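For reference, the structure is listed below as structure tokens.
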Protein chains: 2
Amino acid sequence: MAEMVKVGAHEDASRTILSWLKQYHKDLAKQAVAVRVGDEFLDLTAPLPVGQEIEVISAGDPLGLEILRHSTAHLMAQAVIRLFPGAKPAIGPSIEQGFYYDFATDRPFTEEDLAAIEAEMKKLAKQNLTVEREELERADCIARYREMGNAFKTEILEEIPQPTVTVYRQGEFFDLCRGPHVPSTGRLGAFKLLSVAGAYWRGDEKRPMLSRIYGTAFPTQEELDAFLTMREEAKRRDHRRLGRELGLFLNSPEVGAGLPLWLPKGATVRYALETFLRTELVRRGYQPVYTPHIGKLDLYRTSGHYPYYKDDQFPPITFGDEEGEEEGYLLKPMNCPHHIQIYKSEMRSYRDLPLRMAEFGTVYRFEQSGELGGLTRVRGFTQDDAHLFLTPEQLDVEFKATVDLILFVLRTLGLSDYRVRVSLRDPNSDKYVGDPENWDQAQRAILQAVQDLGMEYTVAEGEAAFYGPKLDFLVRDSIGREWQLGTVQVDYNLPQRFELEYIGEDGHAHRPVMIHRAPFGSLERFFGLLIEHFAGAFPVWLAPVQAVVIPISERHHEYARTVAATLRAFMARVEVDERSETMRYKIREAQLQKVPYMLVVGDKEAEEQTVGVRSRTEGDLGAVPLAQFAEQLRAEAQIPTAG
Amino acid sequence: MAEMVKVGAHEDASRTILSWLKQYHKDLAKQAVAVRVGDEFLDLTAPLPVGQEIEVISAGDPLGLEILRHSTAHLMAQAVIRLFPGAKPAIGPSIEQGFYYDFATDRPFTEEDLAAIEAEMKKLAKQNLTVEREELERADCIARYREMGNAFKTEILEEIPQPTVTVYRQGEFFDLCRGPHVPSTGRLGAFKLLSVAGAYWRGDEKRPMLSRIYGTAFPTQEELDAFLTMREEAKRRDHRRLGRELGLFLNSPEVGAGLPLWLPKGATVRYALETFLRTELVRRGYQPVYTPHIGKLDLYRTSGHYPYYKDDQFPPITFGDEEGEEEGYLLKPMNCPHHIQIYKSEMRSYRDLPLRMAEFGTVYRFEQSGELGGLTRVRGFTQDDAHLFLTPEQLDVEFKATVDLILFVLRTLGLSDYRVRVSLRDPNSDKYVGDPENWDQAQRAILQAVQDLGMEYTVAEGEAAFYGPKLDFLVRDSIGREWQLGTVQVDYNLPQRFELEYIGEDGHAHRPVMIHRAPFGSLERFFGLLIEHFAGAFPVWLAPVQAVVIPISERHHEYARTVAATLRAFMARVEVDERSETMRYKIREAQLQKVPYMLVVGDKEAEEQTVGVRSRTEGDLGAVPLAQFAEQLRAEAQIPTAG
């Protein structure tokens, strides 16, 4: 956090902020990049605001980091012009993970140019050039840029209404800029140029194409290194890349954007996940159902999905009646209305409750825009959904039981680092349905439960589902990124809208409460997380191929098939690599395909009924009797249970 | 089959056909109900057509049965008028399973009236009244009916253009009718009145409501009895009724007609069926995939589903572009286009083939009309679908392997009584896509395979899928009814339309052949069959509840729970009936719910760690040690495999 300091009333108003800081706040002075006085940002080279409170912005603050990166963008522009004197800088802002600068050039920059530019930047930083702020008449500034043939800056300047503008100058370089900036280039050092791209001037495809250089900067080299490592790691784990390389899923433009198809290997992982959860659900007293993927429009009018959430859904399937869109079906955006129809199909008694209805239900929503190429934003996805119909007295116990289920699921998959968020309604928004009283009751129930469970939580107003508040699980993966996954929602509203009832012990009709919950959230998104979390190297029970048998030569093919048949007898997923490639090549390929075990078999193994076991993670484990390896694999391949 | 006999040229033309038959064809005379000479039907009481060939129609012939039933309808009308003199007969035809007659009456007939009418019919039959044909002036006939106050017959008569009409007379009763009829009421005997219903005169709801009596008749009492038994049996097994009573599935008007929801117990059976098939598919080298339930319209333009089969599908999901219905998505009517996209997502080599891609794929088709209340005609259903992509050389072996799979599935479920039908294209129809050469090739492949397999088959022209010929399995259930289930289709056309390729051993691109196949056909329809085949009493491995533990009194609840927990440890589906009802009541209810085992536990069982086993089919089996029963149940509950 930025630190507040007070400048004494008797200080010398002609000295700079920086020199004063160096005298009185030595440590702060080293980290500072600018200050804020009231609403105004000042450079460290500005005259000391005597008698005022000043907020010292350090490079480690979010705002300070932006300034550091913006100053690094200037440094890069200076280096570019030194190396490519004809380059005309256009704009160069800081962005979320760094900065960029766009240039008009004779030829676009290439990745190969980046090293030279970076070296030049280092040189300029070492020279520790003073960065000076200067006020200019706007007309003078225009004249200077015009002289340099820079039409971009001229265009920007012509749109500025004020008569004076500021530029920042370091050595021969100056740039039209509001600032603030670091006081000298020596403050810059931990930076890295990342990539080049083409970009239209002002994003308009009818205007010139400029050459953009992306970079980033951090207060320290350690932070930069950590960022670069993480960036590499994230690239290595990118589920879109791994999805392709490992044959896990497919996005087909012919089928439609955001409608992923699960390829055989991905489908195998999904089926293992489904079996894992299904088994656990049976143990916990859930009952399976299957429901269709469409429902009549009226069903969604009752639930409140239609027409209020029309824009988030695929358009309805309508029949040619005169009135237009009046009657038809909707691709289901949620499973609840269908499960509610099942609840309503019988008169229910308190003895029938809790009724826990589970389905891997595929739903369809219309994501309007953005990146639909992976599994994290999709238009069709399968929820590991369930709806619990409860007497009000059962809510507390059942809510906690669903939390326990989610924790069990996360733990089993090695996702133990999570935080929870209680998502409440924004009382000022009209996107929520139902009684305020119902909302209060549901919100109280969730808060009470998480407090009883001793969970740490944050509260987010306005993040509730439209029918009720919820508890969200935000899970950190193996490289520290946060994913929003499982959710538990408490709902007094849909039971009211659908007029649900049960006959209580008193013989009268009562209204049940509902819990909506999904431990994975969506199978697609969860699979995306798992791919990245495991970098594609799934644990044995999830691995699409658990072992590859590699015969050393053709005369070992027969024994290799015997090995495979032995393991397949208990449904192990085993392949035999009978291609006429070298053993080394086959091992490398199995490693790339992240197969947990490679079983090399030659004369000795065939004779002794063993397999030469090579583990993906532990390397060569030597010869193991086939029966013994089979037992080990069978145990590791077991679907985990809470026991 | 009706029999042809020749009447000698010198026979006496004044005798009746019946008397001639009695003399020369005694056995035929007994069974005969009418004859046909050329295109003309004659009564047995008609003058002998001397020198002609006559076709003697027996009661056992399809046509003869119609005549028998039509005559029985007359008999019923005579009886009705005797008992209810005010009743005015309207029309009374024979129908597929019997006959009916509509009457205008003071009050509608009830089921209770049927016995008296039937008794009166028996009496009339015993009197063996002669049935006589008579020609009348149309005007005379109108006058007679008008006199009797029968506006229905009058209306019919007024629409007849001919000046003369025929009536059939037996005793005091006569009826406007073209005939032919049996010669006397003594020929009628094996009949049964079945039900009453209301029906509008001429099916027009603006005209009077009449009272209809349904009945049936057969040549012999044995045939009638067999029919009635079968009818009772079919009623008892009706999957719509059992679906309700056993809580298997639901048709919800709110969700939509023909879109069944699988209730927990039905879903449990379905999941067992899916697991059974999935396990077998893995063993047979199939690979699972999951695909979305919609796809872009263009995908179906390429496949040929759209717009040609537009009327069989739900309307497309379209986006509001100016052109109207031009762009959008279709609820998938078949899974093939999606699986084909997966095939196309990689360059395939001959080494990758056969590629067998399997999915429990839910598809949607728009059944225009008719009875949508059960599982046999639905608008959304899940196919146990797979597509095999093959080199032409692999077709024969793979086709036979899919036949073997289907036979394994049918055998396992006790459906060994089947016949196969080769469904070919109708070369004169334009509903088929693709090259005639492709068709010939595919049709030859199927015919060759079934001949090689030594299967008996029939050929049905015009029953092929639109893209290729197929082999259909028509299966007889436990009461002899035939269901069309599994199918194997050979397809050279879609690979061409989608330009599928693989690189052959020669390094060149070749076109693969496809097999589409589904052993169950649709899970919904197959489930409907299974419910009726087993009359809801599923074998243990499929039973939604495999055992109910019945504690004798409240103090045995704890041991009952221990028993349940012991069995649930291996995922047995066990319930404990802790209601405060009598043991006898609970056993009766478990019987009605078709639970395979009832486990009665009291003091003795708790002390000795046994269960009092009562089998649904075998009755009381006495006390069995819990551990022993658990082992037995575990074995019986095992999903069957080909081993």
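As shown in the structure tokens, the chain order sets the letters A, B, ...; within each chain, residues go from 1, and ligands are also counted from 1 in the order they appear.
For these identical-sequence chains, chain A and chain B, a least-squares overlay on all C-alpha positions gives an RMSD of 0.2 Å.
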Inset, instruction - Going by DSSP on the backbone, which bits of segment 115-225 of chain A are strand (DSSP E)? Write them as an NGL selection string, please. - result: :A and (132-137 or 164-170 or 173-176 or 191-200 or 209-217)
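If we count only C-alpha atoms, these residues of chain A sit within 7 Å of chain B: Glu254, Val255, Gly256, Leu259, Leu261, Trp262, Leu263, Pro264, Ala267, Thr268, Gln287, Pro288, Val289, Tyr290, Thr291, Pro292, Gly295, Lys296, Leu299, Pro315, Pro316, Ile317, Thr318, Phe319, His338 and Gly380 of chain A.
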Inset, instruction - Would you mind listing what lies within 8 Å of Tyr145 of chain A as a list in words, with only C-alpha atoms counted and same-chain residues fewer than 6 positions away left out? - result: Ala151, Lys153 and Thr154 of chain A
